[in-house]
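Participant: Sharing my_file09.cif below, mmCIF, C-alpha atoms:
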data_run
loop_
_atom_site.label_atom_id
_atom_site.label_comp_id
_atom_site.auth_asym_id
_atom_site.auth_seq_id
_atom_site.Cartn_x
_atom_site.Cartn_y
_atom_site.Cartn_z
CA MET W 1 20.18 -15.75 -34.35
CA SER W 2 18.04 -18.68 -33.22
CA SER W 3 19.16 -22.25 -33.65
CA PRO W 4 18.04 -23.92 -36.92
CA SER W 5 16.49 -26.65 -34.76
CA ASP W 6 14.23 -24.17 -32.94
CA PRO W 7 10.68 -25.13 -33.95
CA THR W 8 9.18 -21.65 -33.77
CA ALA W 9 7.85 -19.94 -36.90
CA ALA W 10 10.32 -17.10 -36.37
CA ALA W 11 13.24 -19.51 -36.39
CA LEU W 12 11.96 -21.19 -39.56
CA ILE W 13 11.77 -17.85 -41.34
CA GLU W 14 15.24 -16.96 -40.07
CA LEU W 15 16.57 -20.17 -41.58
CA CYS W 16 14.73 -19.56 -44.86
CA CYS W 17 16.25 -16.08 -45.04
CA ARG W 18 19.79 -17.36 -44.50
CA ARG W 19 19.38 -19.98 -47.18
CA ALA W 20 17.76 -17.51 -49.56
CA ARG W 21 20.49 -14.92 -49.05
CA SER W 22 23.16 -17.50 -49.86
CA SER W 23 21.22 -18.79 -52.85
CA ALA W 24 20.59 -15.28 -54.17
CA GLN W 25 24.33 -14.83 -54.55
CA SER W 26 24.64 -18.02 -56.60
CA VAL W 27 21.67 -17.09 -58.80
CA ARG W 28 23.12 -13.62 -59.33
CA ARG W 29 26.24 -15.24 -60.77
CA MET W 30 24.28 -17.31 -63.32
CA ASN W 31 23.99 -15.97 -66.84
CA GLY W 32 20.71 -15.61 -68.67
CA GLN W 33 21.10 -18.85 -70.61
CA ALA W 34 21.66 -20.89 -67.43
CA LYS W 35 18.62 -19.36 -65.71
CA ALA W 36 16.48 -20.05 -68.77
CA ALA W 37 17.63 -23.67 -68.89
CA ALA W 38 16.72 -24.12 -65.23
CA LEU W 39 13.23 -22.76 -65.84
CA HIS W 40 12.67 -25.01 -68.85
CA ALA W 41 13.69 -27.96 -66.68
CA ALA W 42 11.22 -26.82 -64.01
CA ALA W 43 8.42 -26.59 -66.58
CA ASP W 44 9.21 -30.13 -67.75
CA ALA W 45 9.06 -31.35 -64.15
CA LEU W 46 5.61 -29.80 -63.67
CA ARG W 47 4.34 -31.65 -66.73
CA ALA W 48 5.92 -34.93 -65.65
CA ASP W 49 4.37 -34.67 -62.18
CA ALA W 50 0.91 -33.62 -63.38
CA ASP W 51 -0.94 -36.56 -61.80
CA THR W 52 0.66 -35.96 -58.40
CA ILE W 53 -0.04 -32.22 -58.52
CA LEU W 54 -3.66 -32.65 -59.57
CA ALA W 55 -4.24 -35.26 -56.86
CA ALA W 56 -2.90 -32.80 -54.27
CA ASN W 57 -5.14 -30.09 -55.67
CA THR W 58 -8.17 -32.37 -55.35
CA LEU W 59 -7.45 -32.67 -51.63
CA ASP W 60 -7.47 -28.87 -51.32
CA CYS W 61 -10.64 -28.42 -53.38
CA ASP W 62 -12.50 -31.10 -51.41
CA ALA W 63 -11.41 -29.52 -48.13
CA GLY W 64 -12.42 -26.08 -49.40
CA ALA W 65 -15.86 -27.27 -50.44
CA ALA W 66 -16.32 -28.88 -47.03
CA ARG W 67 -15.38 -25.57 -45.37
CA GLY W 68 -17.94 -23.73 -47.47
CA LEU W 69 -15.62 -21.72 -49.72
CA SER W 70 -17.53 -19.71 -52.31
CA SER W 71 -17.72 -20.86 -55.91
CA ALA W 72 -15.41 -18.00 -56.89
CA MET W 73 -12.82 -19.03 -54.28
CA LEU W 74 -13.03 -22.66 -55.37
CA ASP W 75 -12.52 -21.56 -58.98
CA ARG W 76 -9.36 -19.67 -57.98
CA LEU W 77 -8.14 -22.76 -56.15
CA ARG W 78 -8.95 -25.42 -58.72
CA LEU W 79 -6.41 -26.89 -61.13
CA ASP W 80 -7.19 -29.17 -64.05
CA PRO W 81 -4.96 -30.56 -66.82
CA ALA W 82 -5.50 -27.48 -69.00
CA ARG W 83 -4.75 -25.00 -66.19
CA LEU W 84 -1.70 -26.94 -65.07
CA GLY W 85 -0.50 -27.11 -68.65
CA ALA W 86 -0.93 -23.36 -68.96
CA ILE W 87 1.10 -22.86 -65.76
CA ALA W 88 3.95 -24.95 -67.17
CA ASP W 89 3.71 -23.09 -70.47
CA SER W 90 3.98 -19.78 -68.62
CA VAL W 91 7.25 -20.95 -67.05
CA ASP W 92 8.61 -21.67 -70.53
CA ALA W 93 7.38 -18.26 -71.67
CA VAL W 94 9.20 -16.53 -68.80
CA ALA W 95 12.35 -18.51 -69.58
CA ASP W 96 12.24 -17.28 -73.18
CA LEU W 97 11.97 -13.61 -72.22
CA PRO W 98 15.09 -11.45 -72.46
CA ASP W 99 17.14 -11.49 -69.28
CA PRO W 100 16.67 -8.09 -67.59
CA VAL W 101 19.78 -8.41 -65.44
CA GLY W 102 22.64 -6.32 -66.78
CA GLU W 103 20.41 -4.33 -69.13
CA GLU W 104 21.82 -0.84 -69.58
CA ILE W 105 19.10 1.68 -68.78
CA ASP W 106 21.13 4.73 -69.70
CA ARG W 107 24.68 5.94 -70.21
CA ARG W 108 26.13 9.41 -69.84
CA ILE W 109 29.38 11.28 -69.34
CA ALA W 110 29.79 13.04 -65.99
CA PRO W 111 31.08 16.65 -65.98
CA ALA W 112 34.40 15.32 -64.65
CA GLY W 113 34.66 12.90 -67.58
CA MET W 114 33.74 9.55 -65.98
CA VAL W 115 31.47 7.21 -67.94
CA LEU W 116 28.28 6.60 -65.96
CA ARG W 117 26.11 3.59 -66.72
CA ARG W 118 22.87 2.62 -64.97
CA VAL W 119 22.18 -1.14 -65.22
CA ARG W 120 19.46 -3.46 -63.94
CA VAL W 121 20.32 -5.79 -61.06
CA PRO W 122 18.26 -8.23 -58.96
CA ILE W 123 16.60 -6.93 -55.81
CA GLY W 124 17.89 -9.90 -53.80
CA VAL W 125 15.45 -11.88 -51.65
CA ILE W 126 11.74 -11.48 -52.35
CA GLY W 127 9.06 -12.57 -49.88
CA ILE W 128 5.62 -13.30 -51.30
CA ILE W 129 2.57 -13.81 -49.08
CA TYR W 130 -0.51 -14.95 -50.94
CA GLU W 131 -3.83 -16.69 -50.54
CA SER W 132 -5.76 -19.31 -52.46
CA ARG W 133 -4.39 -19.31 -56.01
CA PRO W 134 -1.80 -22.08 -56.44
CA ASN W 135 -0.66 -20.71 -59.80
CA VAL W 136 0.95 -17.84 -57.86
CA THR W 137 3.46 -20.34 -56.46
CA ILE W 138 4.83 -21.01 -59.94
CA ASP W 139 4.35 -17.56 -61.50
CA ALA W 140 6.22 -15.96 -58.61
CA ALA W 141 8.97 -18.57 -58.59
CA ALA W 142 9.58 -18.31 -62.33
CA LEU W 143 9.67 -14.53 -62.39
CA CYS W 144 11.98 -14.29 -59.39
CA VAL W 145 14.41 -16.85 -60.80
CA ARG W 146 14.48 -15.23 -64.25
CA SER W 147 15.17 -11.82 -62.71
CA GLY W 148 18.01 -13.24 -60.62
CA ASN W 149 16.30 -13.18 -57.23
CA ALA W 150 15.73 -15.78 -54.54
CA VAL W 151 12.16 -16.04 -53.26
CA ILE W 152 10.44 -17.16 -50.06
CA LEU W 153 6.81 -18.16 -50.68
CA ARG W 154 4.11 -18.29 -48.03
CA GLY W 155 0.84 -19.54 -49.52
CA GLY W 156 -2.57 -19.81 -47.91
CA SER W 157 -3.80 -22.85 -46.04
CA GLU W 158 -6.53 -23.40 -48.64
CA ALA W 159 -3.90 -24.51 -51.18
CA VAL W 160 -1.35 -26.13 -48.90
CA HIS W 161 -1.24 -29.52 -50.64
CA SER W 162 -1.22 -27.96 -54.12
CA ASN W 163 1.55 -25.53 -53.22
CA ARG W 164 3.74 -28.23 -51.73
CA ALA W 165 3.36 -30.47 -54.79
CA LEU W 166 4.02 -27.60 -57.21
CA HIS W 167 7.03 -26.40 -55.24
CA SER W 168 8.51 -29.89 -55.01
CA SER W 169 8.29 -30.43 -58.77
CA PHE W 170 9.54 -26.94 -59.65
CA THR W 171 12.60 -27.04 -57.41
CA ARG W 172 13.47 -30.57 -58.49
CA GLY W 173 13.57 -29.27 -62.06
CA LEU W 174 15.79 -26.35 -61.05
CA ALA W 175 18.21 -28.66 -59.26
CA ARG W 176 18.45 -30.99 -62.24
CA ALA W 177 19.60 -28.04 -64.31
CA GLY W 178 22.26 -27.03 -61.76
CA MET W 179 20.47 -24.25 -59.86
CA ASP W 180 20.46 -24.14 -56.06
CA ALA W 181 16.99 -25.32 -55.04
CA ASP W 182 17.02 -22.86 -52.11
CA ALA W 183 16.46 -20.12 -54.68
CA VAL W 184 12.76 -20.98 -54.35
CA GLN W 185 11.61 -21.84 -50.83
CA LEU W 186 8.12 -22.57 -49.59
CA VAL W 187 7.60 -21.73 -45.92
CA PRO W 188 7.22 -25.18 -44.30
CA THR W 189 4.48 -24.20 -41.85
CA GLN W 190 0.98 -22.72 -41.97
CA ASP W 191 1.51 -21.11 -38.56
CA ARG W 192 0.23 -17.54 -38.87
CA ASP W 193 3.23 -16.35 -36.89
CA ALA W 194 5.32 -17.10 -39.99
CA VAL W 195 3.68 -14.16 -41.76
CA GLY W 196 4.63 -11.83 -38.92
CA ALA W 197 8.17 -13.17 -38.96
CA MET W 198 8.46 -12.47 -42.68
CA LEU W 199 7.17 -8.94 -42.20
CA ALA W 200 9.79 -8.36 -39.50
CA ALA W 201 12.67 -9.89 -41.48
CA SER W 202 14.52 -6.66 -42.22
CA GLY W 203 17.93 -7.58 -43.55
CA GLY W 204 16.74 -11.06 -44.50
CA ILE W 205 14.04 -10.13 -47.02
CA ASP W 206 14.49 -7.16 -49.33
CA LEU W 207 10.92 -6.78 -50.63
CA ILE W 208 7.52 -8.17 -49.55
CA ILE W 209 4.75 -8.63 -52.09
CA PRO W 210 1.28 -9.50 -50.75
CA ARG W 211 -1.29 -11.11 -53.05
CA GLY W 212 -4.71 -11.56 -51.58
CA GLY W 213 -7.69 -9.80 -50.10
CA LYS W 214 -7.91 -6.38 -48.53
CA SER W 215 -7.34 -7.66 -44.99
CA LEU W 216 -4.09 -9.41 -45.94
CA VAL W 217 -2.74 -6.38 -47.77
CA ALA W 218 -3.76 -4.05 -44.93
CA ARG W 219 -1.96 -6.23 -42.38
CA VAL W 220 1.19 -6.37 -44.49
CA GLN W 221 1.24 -2.62 -45.01
CA ALA W 222 0.61 -1.94 -41.32
CA ASP W 223 3.12 -4.40 -39.86
CA ALA W 224 5.96 -4.70 -42.36
CA ARG W 225 9.46 -3.55 -41.50
CA VAL W 226 10.46 -4.51 -45.03
CA PRO W 227 9.56 -2.48 -48.17
CA VAL W 228 6.18 -3.56 -49.60
CA LEU W 229 4.98 -3.69 -53.20
CA ALA W 230 1.22 -3.57 -52.70
CA HIS W 231 -1.56 -5.01 -54.79
CA LEU W 232 -4.81 -3.52 -53.53
CA ASP W 233 -8.27 -4.79 -54.37
CA GLY W 234 -9.48 -4.64 -57.95
CA ILE W 235 -12.52 -2.38 -58.01
CA CYS W 236 -12.48 -2.18 -61.79
CA HIS W 237 -14.87 0.03 -63.77
CA SER W 238 -16.10 -0.16 -67.34
CA PHE W 239 -17.72 3.00 -68.72
CA VAL W 240 -20.01 2.70 -71.72
CA HIS W 241 -19.88 6.11 -73.39
CA ALA W 242 -22.76 7.54 -75.41
CA ALA W 243 -20.72 6.97 -78.58
CA ALA W 244 -20.03 3.29 -77.88
CA ASN W 245 -20.74 0.67 -80.53
CA PRO W 246 -23.64 -1.39 -79.03
CA ASP W 247 -22.36 -4.79 -80.19
CA MET W 248 -18.87 -4.04 -78.92
CA ALA W 249 -20.18 -2.67 -75.64
CA ARG W 250 -22.32 -5.72 -74.96
CA ALA W 251 -19.50 -8.17 -75.75
CA ILE W 252 -16.94 -6.31 -73.63
CA VAL W 253 -19.23 -5.77 -70.65
CA VAL W 254 -20.34 -9.41 -70.46
CA ASN W 255 -16.77 -10.64 -70.83
CA ALA W 256 -15.36 -8.15 -68.30
CA LYS W 257 -17.80 -9.34 -65.63
CA LEU W 258 -18.53 -12.99 -66.36
CA ARG W 259 -15.55 -14.63 -68.09
CA ARG W 260 -13.98 -15.30 -64.69
CA THR W 261 -15.60 -13.48 -61.81
CA GLY W 262 -12.94 -14.34 -59.23
CA ILE W 263 -9.93 -12.55 -60.74
CA CYS W 264 -8.74 -9.07 -59.81
CA GLY W 265 -9.33 -7.74 -63.33
CA ALA W 266 -13.03 -8.60 -63.33
CA MET W 267 -15.34 -5.61 -63.73
CA GLU W 268 -17.08 -4.78 -60.46
CA THR W 269 -18.85 -1.56 -61.46
CA LEU W 270 -20.50 -0.73 -64.79
CA LEU W 271 -21.02 2.94 -65.60
CA ILE W 272 -23.39 3.77 -68.46
CA ASP W 273 -23.75 7.17 -70.07
CA ARG W 274 -27.34 8.37 -69.64
CA ASP W 275 -27.30 9.25 -73.34
CA TYR W 276 -26.27 5.73 -74.41
CA PRO W 277 -29.25 4.38 -76.41
CA ASP W 278 -29.05 0.67 -75.56
CA SER W 279 -28.69 0.47 -71.77
CA ALA W 280 -31.53 -1.99 -71.24
CA THR W 281 -29.90 -4.52 -73.60
CA LEU W 282 -26.62 -4.28 -71.69
CA LEU W 283 -28.32 -4.93 -68.36
CA ALA W 284 -30.41 -7.78 -69.75
CA ALA W 285 -27.30 -9.45 -71.17
CA LEU W 286 -25.69 -9.45 -67.73
CA VAL W 287 -28.76 -10.81 -65.95
CA ASP W 288 -29.33 -13.43 -68.64
CA GLY W 289 -25.72 -14.49 -68.16
CA GLY W 290 -26.35 -15.24 -64.49
CA CYS W 291 -25.14 -11.95 -62.99
CA GLU W 292 -26.89 -10.13 -60.16
CA VAL W 293 -27.25 -6.45 -61.10
CA ARG W 294 -27.38 -3.88 -58.32
CA GLY W 295 -28.45 -0.40 -59.35
CA ASP W 296 -30.27 2.80 -58.52
CA ASP W 297 -33.85 3.69 -59.46
CA MET W 298 -32.94 4.42 -63.09
CA VAL W 299 -31.33 1.01 -63.42
CA LEU W 300 -34.34 -0.69 -61.80
CA GLU W 301 -36.64 0.95 -64.33
CA LEU W 302 -34.55 -0.40 -67.21
CA GLU W 303 -34.10 -3.91 -65.77
CA PRO W 304 -36.87 -5.17 -63.42
CA ARG W 305 -34.72 -8.12 -62.34
CA ALA W 306 -32.11 -5.82 -60.82
CA VAL W 307 -31.92 -5.13 -57.08
CA SER W 308 -31.25 -1.92 -55.20
CA VAL W 309 -27.66 -0.82 -54.79
CA SER W 310 -26.21 0.39 -51.47
CA ASP W 311 -23.50 2.95 -50.83
CA GLU W 312 -21.12 0.14 -49.82
CA ASP W 313 -21.50 -1.56 -53.20
CA TRP W 314 -19.51 1.14 -55.00
CA ASP W 315 -16.46 0.22 -52.90
CA THR W 316 -16.86 -3.57 -52.97
CA GLU W 317 -14.74 -6.10 -54.85
CA TYR W 318 -17.30 -8.87 -55.28
CA LEU W 319 -15.15 -11.51 -56.99
CA ASP W 320 -18.49 -13.08 -57.82
CA ALA W 321 -21.30 -12.81 -60.38
CA ILE W 322 -22.48 -9.48 -58.97
CA VAL W 323 -22.08 -6.03 -60.49
CA SER W 324 -23.02 -2.53 -59.33
CA VAL W 325 -24.39 -0.28 -62.08
CA ALA W 326 -24.83 3.48 -62.30
CA LEU W 327 -26.18 5.68 -65.07
CA VAL W 328 -23.94 8.74 -65.13
CA ALA W 329 -24.02 12.20 -66.69
CA GLY W 330 -21.61 11.62 -69.56
CA LEU W 331 -17.84 11.46 -69.38
CA ASP W 332 -17.67 13.99 -66.54
CA GLY W 333 -19.97 11.81 -64.42
CA ALA W 334 -17.94 8.71 -65.13
CA LEU W 335 -14.65 10.40 -64.29
CA ALA W 336 -16.06 11.73 -61.02
CA HIS W 337 -17.38 8.31 -60.01
CA ILE W 338 -14.10 6.57 -60.84
CA ALA W 339 -12.08 9.19 -58.95
CA ALA W 340 -14.26 8.59 -55.89
CA HIS W 341 -14.40 4.79 -55.95
CA SER W 342 -11.67 3.22 -58.09
CA SER W 343 -8.94 1.23 -56.32
CA GLY W 344 -6.47 2.32 -59.01
CA HIS W 345 -6.25 -1.13 -60.61
CA THR W 346 -7.94 -1.17 -64.05
CA ASP W 347 -10.58 1.09 -65.55
CA ALA W 348 -11.94 1.04 -69.10
CA ILE W 349 -13.96 3.15 -71.51
CA ILE W 350 -15.94 1.82 -74.46
CA THR W 351 -16.41 4.47 -77.12
CA ASP W 352 -16.00 5.33 -80.80
CA ASP W 353 -15.14 8.93 -79.88
CA PRO W 354 -11.32 9.38 -79.95
CA ALA W 355 -11.48 12.61 -77.98
CA ALA W 356 -13.46 10.98 -75.18
CA ALA W 357 -11.05 8.04 -75.13
CA ALA W 358 -8.03 10.33 -74.96
CA ARG W 359 -9.49 12.37 -72.11
CA PHE W 360 -10.39 9.21 -70.20
CA GLN W 361 -6.85 7.86 -70.53
CA THR W 362 -5.38 11.18 -69.42
CA GLU W 363 -7.61 11.80 -66.41
CA VAL W 364 -8.11 8.32 -64.94
CA ASP W 365 -5.21 7.74 -62.54
CA SER W 366 -5.16 3.95 -62.44
CA ALA W 367 -2.34 1.50 -63.07
CA ILE W 368 -4.09 0.26 -66.24
CA VAL W 369 -6.44 2.40 -68.33
CA MET W 370 -8.12 0.69 -71.28
CA VAL W 371 -10.05 1.77 -74.35
CA ASN W 372 -12.44 -0.66 -76.07
CA ALA W 373 -11.14 -3.78 -74.33
CA SER W 374 -12.24 -6.06 -71.49
CA SER W 375 -10.66 -5.40 -68.11
CA GLN W 376 -10.01 -9.15 -67.92
CA PHE W 377 -6.92 -8.47 -70.05
CA ALA W 378 -5.32 -6.92 -66.94
CA ASP W 379 -2.79 -9.72 -66.72
CA GLY W 380 0.96 -9.93 -67.18
CA GLY W 381 0.68 -12.87 -69.56
CA GLU W 382 -1.74 -10.97 -71.77
CA PHE W 383 0.65 -8.01 -71.74
CA GLY W 384 3.40 -10.22 -73.15
CA LEU W 385 5.29 -10.28 -69.86
CA GLY W 386 5.20 -14.07 -69.56
CA ALA W 387 3.46 -13.99 -66.17
CA GLU W 388 2.97 -11.57 -63.32
CA ILE W 389 3.49 -11.43 -59.61
CA GLY W 390 0.55 -9.07 -59.20
CA ILE W 391 -0.91 -5.76 -60.34
CA ALA W 392 0.81 -2.99 -58.40
CA THR W 393 -1.56 -0.13 -57.69
CA GLY W 394 0.91 2.19 -55.99
CA ARG W 395 2.94 4.91 -57.67
CA LEU W 396 6.52 4.00 -56.76
CA HIS W 397 9.00 1.52 -58.25
CA ALA W 398 6.53 -0.58 -60.30
CA ARG W 399 2.95 -0.12 -61.46
CA GLY W 400 0.50 -2.37 -63.28
CA PRO W 401 1.49 -5.98 -64.00
CA VAL W 402 4.70 -6.64 -62.09
CA ALA W 403 6.97 -8.99 -64.00
CA LEU W 404 10.71 -9.16 -64.65
CA GLU W 405 11.44 -5.44 -64.79
CA GLY W 406 9.49 -4.81 -61.59
CA LEU W 407 11.61 -7.38 -59.76
CA THR W 408 14.84 -5.56 -60.51
CA THR W 409 16.43 -2.41 -59.21
CA TYR W 410 19.50 -0.70 -60.66
CA LYS W 411 22.96 0.38 -59.75
CA TRP W 412 25.34 2.96 -61.19
CA LEU W 413 28.60 1.75 -62.73
CA VAL W 414 31.22 4.49 -62.90
CA GLU W 415 34.39 4.20 -65.04
CA GLY W 416 37.02 6.86 -64.62
CA THR W 417 40.50 7.57 -65.89
CA GLY W 418 42.04 8.77 -62.62
CA GLN W 419 39.68 11.66 -61.78
CA VAL W 420 39.88 13.17 -58.30
CA ARG W 421 37.40 15.68 -56.92
CA THR W 422 38.62 19.14 -55.88
#
I'd like the structure from this file rewritten - as structure tokens, please.

Facilitator:
Amino acid sequence: MSSPSDPTAAALIELCCRRARSSAQSVRRMNGQAKAAALHAAADALRADADTILAANTLDCDAGAARGLSSAMLDRLRLDPARLGAIADSVDAVADLPDPVGEEIDRRIAPAGMVLRRVRVPIGVIGIIYESRPNVTIDAAALCVRSGNAVILRGGSEAVHSNRALHSSFTRGLARAGMDADAVQLVPTQDRDAVGAMLAASGGIDLIIPRGGKSLVARVQADARVPVLAHLDGICHSFVHAAANPDMARAIVVNAKLRRTGICGAMETLLIDRDYPDSATLLAALVDGGCEVRGDDMVLELEPRAVSVSDEDWDTEYLDAIVSVALVAGLDGALAHIAAHSSGHTDAIITDDPAAAARFQTEVDSAIVMVNASSQFADGGEFGLGAEIGIATGRLHARGPVALEGLTTYKWLVEGTGQVRT
């Protein structure tokens, strides 16, 4: 082990891991009521420190604008009183959720007569590596604390001032309520080597969760020696079926693309059944709303303001006011396109045909499959989970919005009456 005074990024992560491992044991011993009280205190601290947090965020936004960050990236970065209030409210919401730790998943009697119980327990120390959204700092911290874990946070340089201010307020609230502040640590350096050190921290970190663009996730998956819960890009599709209600279809499509273009649940590809009677109105609504439409020749005939689509567009997460559009041969065409291009995040169908909806939900293999709803609802808060740490697009451990349950594992508790095995 390196000395705690060693200034290297690796030594800093080593120290964070030691502190987190110790703190995880103390958090594990806290009951649900104590953890909830600590989170309510943290939410109160965020509200009390609003002016300081917003001033720090202004520094980040000004620096981002000077560096030429896109409007979508600046939107992800920006906090205002309403957004900060919503962040604090989400901490209260997480605090009020049932404590998952100790929940009995199942109970059975073994053939030899022992009572077997499977119960939820914390994972231990969670490492979260994320980019420009400062709300992740608090969402992740709240969810990890409520589920009995310690967490090490490594945010992006774009939000460094915001993250430090949020972390300072949050942990001060925890400490006031009697929780070890080391339960939530923010890596104290923006040195890129810190990311590599976290990925190599086998035995110090039990699970890594990356939140960010494709390049970040790819690096984490390639280099990690710690288990990874991956959130891949959100290439989300909405399919307007021939039997869709036109008013509903227009409202959902515009909302799915344009409500907030920079979130992972934003629609990136619109598929329209060739037999749908109102395609031109759909396309016009998007263009009139300020969206660039990219489509094939059939789309260009319907909407002269559209531009030609490329093969790369079907596999692009724009996170901007851009959408790729294809007219497809019914449900079969939509399913084939989604199978070829979806990232497995969120895909939706708009239809009044129950059979078509049922087949879509059965055959689309994504973490979230929606019927007659905007893909922008792909969010842990909207699912009633209080908040989320990300949308897991893999098939193991957790899938979809990862909240309290996804941050636990389980153990078997066995109670015997003197049984011995022959």

Participant: Kindly extract all protein, DNA and RNA residues lying within 10 Å of the coordinates (-13.6, -6.9, -59.7) given in the file, considering all atoms listed in the file, and supply them as JSON, numbers by chain.

Facilitator: {"W": [233, 234, 235, 236, 237, 256, 257, 260, 261, 262, 263, 264, 265, 266, 267, 268, 269, 316, 317, 318, 319, 320, 321, 322, 323, 343, 345, 346, 375, 376]}

Participant: Using the chain letters and numbers from the file, which residues does the PyMOL selection byres ((chain W and resi 91-98) around 7) grab, as a ChimeraX atom specification?

Facilitator: /W:36,39-40,43,87-90,99-100,142-143,146,386-387

Participant: Kindly indicate which residue among W:Ala141, W:Val228, W:Leu271, W:Ile349 lies nearest to Gly394 of chain W, using all atoms listed in the file for the distances.

Facilitator: W:Val228

Participant: Quick one, how far is atom CA of Gly155 of chain W from atom CA of Val184 of chain W?

Facilitator: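 Distance between the two atoms: 12.9 Å.
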
Participant: Could you tell me how far atom CA of Ile391 of chain W sits from atom CA of Val325 of chain W, in Å to one decimal place?

Facilitator: 24.2 Å

Participant: Mind pulling up the distance from atom CA of Leu283 of chain W to atom CA of Val299 of chain W?

Facilitator: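 Distance reported for this atom pair: 8.3 Å.
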
Participant: List the spatial neighbours of Glu104 of chain W as a compact mmCIF listing (two decimals) with C-alpha atoms, keeping the file's coordinate frame - criterion: any atom at most 8 Å away, only C-alpha atoms, same-chain residues fewer than 5 positions off excluded.

Facilitator:
# COMPACT_ATOMS: atom_id res chain seq x y z
CA ARG W 117 26.11 3.59 -66.72
CA ARG W 118 22.87 2.62 -64.97
CA VAL W 119 22.18 -1.14 -65.22
CA ARG W 120 19.46 -3.46 -63.94

Participant: Just the residues within 10 Å of Arg219 of chain W, please, counting all atoms listed in the file, with nothing from its chain fewer than 2 positions along; format it as JSON, numbers by chain.

Facilitator: {"W": [195, 196, 199, 210, 214, 215, 216, 217, 221, 222, 223, 224]}

Participant: Smallest atom-to-atom distance to Ala177 of chain W: which of W:Arg359, W:Arg29, W:Lys35, W:Arg19, using only C-alpha atoms?

Facilitator: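 Between W:Arg359, W:Arg29, W:Lys35, W:Arg19, the residue approaching Ala177 of chain W most closely is W:Lys35.
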
Participant: If the PyMOL selection byres ((chain W and resi 59-75) around 9) is run on the structure shown, which residues does it catch, given as a list in words?

Facilitator: Leu54, Ala55, Ala56, Asn57, Thr58, Arg76, Leu77, Arg78, Leu79, Ser132, Arg133, Ser157, Glu158, Ala159, Val160, His161, Ser162, Arg260, Thr261, Gly262, Ile263, Leu319, Asp320 and Ala321 of chain W

Participant: Do you know which residues are at most 10 Å from Val115 of chain W counting all atoms listed in the file, after dropping those on the same chain fewer than 3 positions away, and could you put them as an NGL selection string?

Facilitator: :W and (107-112 or 413-417)

Participant: Residues picked by the PyMOL selection byres ((chain W and resi 331) around 9) here, as a count of residues only?

Facilitator: 15

Participant: May I have the protein, DNA and RNA residues with an atom at most 12 Å from (14.8, -17.0, -40.6), counting all atoms listed in the file in the file's coordinates, returned as a PyMOL selection string?

Facilitator: chain W and resi 1-21+127+152+185+187-188+194-205

Participant: Can you tell me, as a ChimeraX atom specification, what residues are no more than 6 Å from segment 308-314 of chain W when counting only C-alpha atoms, ignoring any on the same chain fewer than 2 positions away?

Facilitator: /W:294-296,316

Participant: Counting all atoms listed in the file, which residue out of W:Ala357, W:Leu327, W:Ala34, W:Val240 sits closest to Arg274 of chain W?

Facilitator: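 Smallest distance to Arg274 of chain W is found for W:Leu327.
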
Participant: Near Leu407 of chain W, counting all atoms listed in the file, which residues have an atom at most 7 Å away, once you skip same-chain residues fewer than 5 positions from it, shown as a ChimeraX atom specification?

Facilitator: /W:122-123,144,147

Participant: Counting all atoms listed in the file, which residue out of W:Gly113, W:Gly213, W:Gly400, W:Pro304 sits closest to Glu292 of chain W?

Facilitator: W:Pro304

Participant: Under the rule that only C-alpha atoms are counted, which of W:Ala355, W:Ala50, W:Ala306, W:Leu385 is the nearest residue to Ala243 of chain W?

Facilitator: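 Among the listed residues, W:Ala355 lies closest to Ala243 of chain W.
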
Participant: Rank nothing, just name the residue among W:Leu232, W:Leu153, W:Pro134, W:Ala45 nearest to Ala175 of chain W, using only C-alpha atoms.

Facilitator: W:Ala45
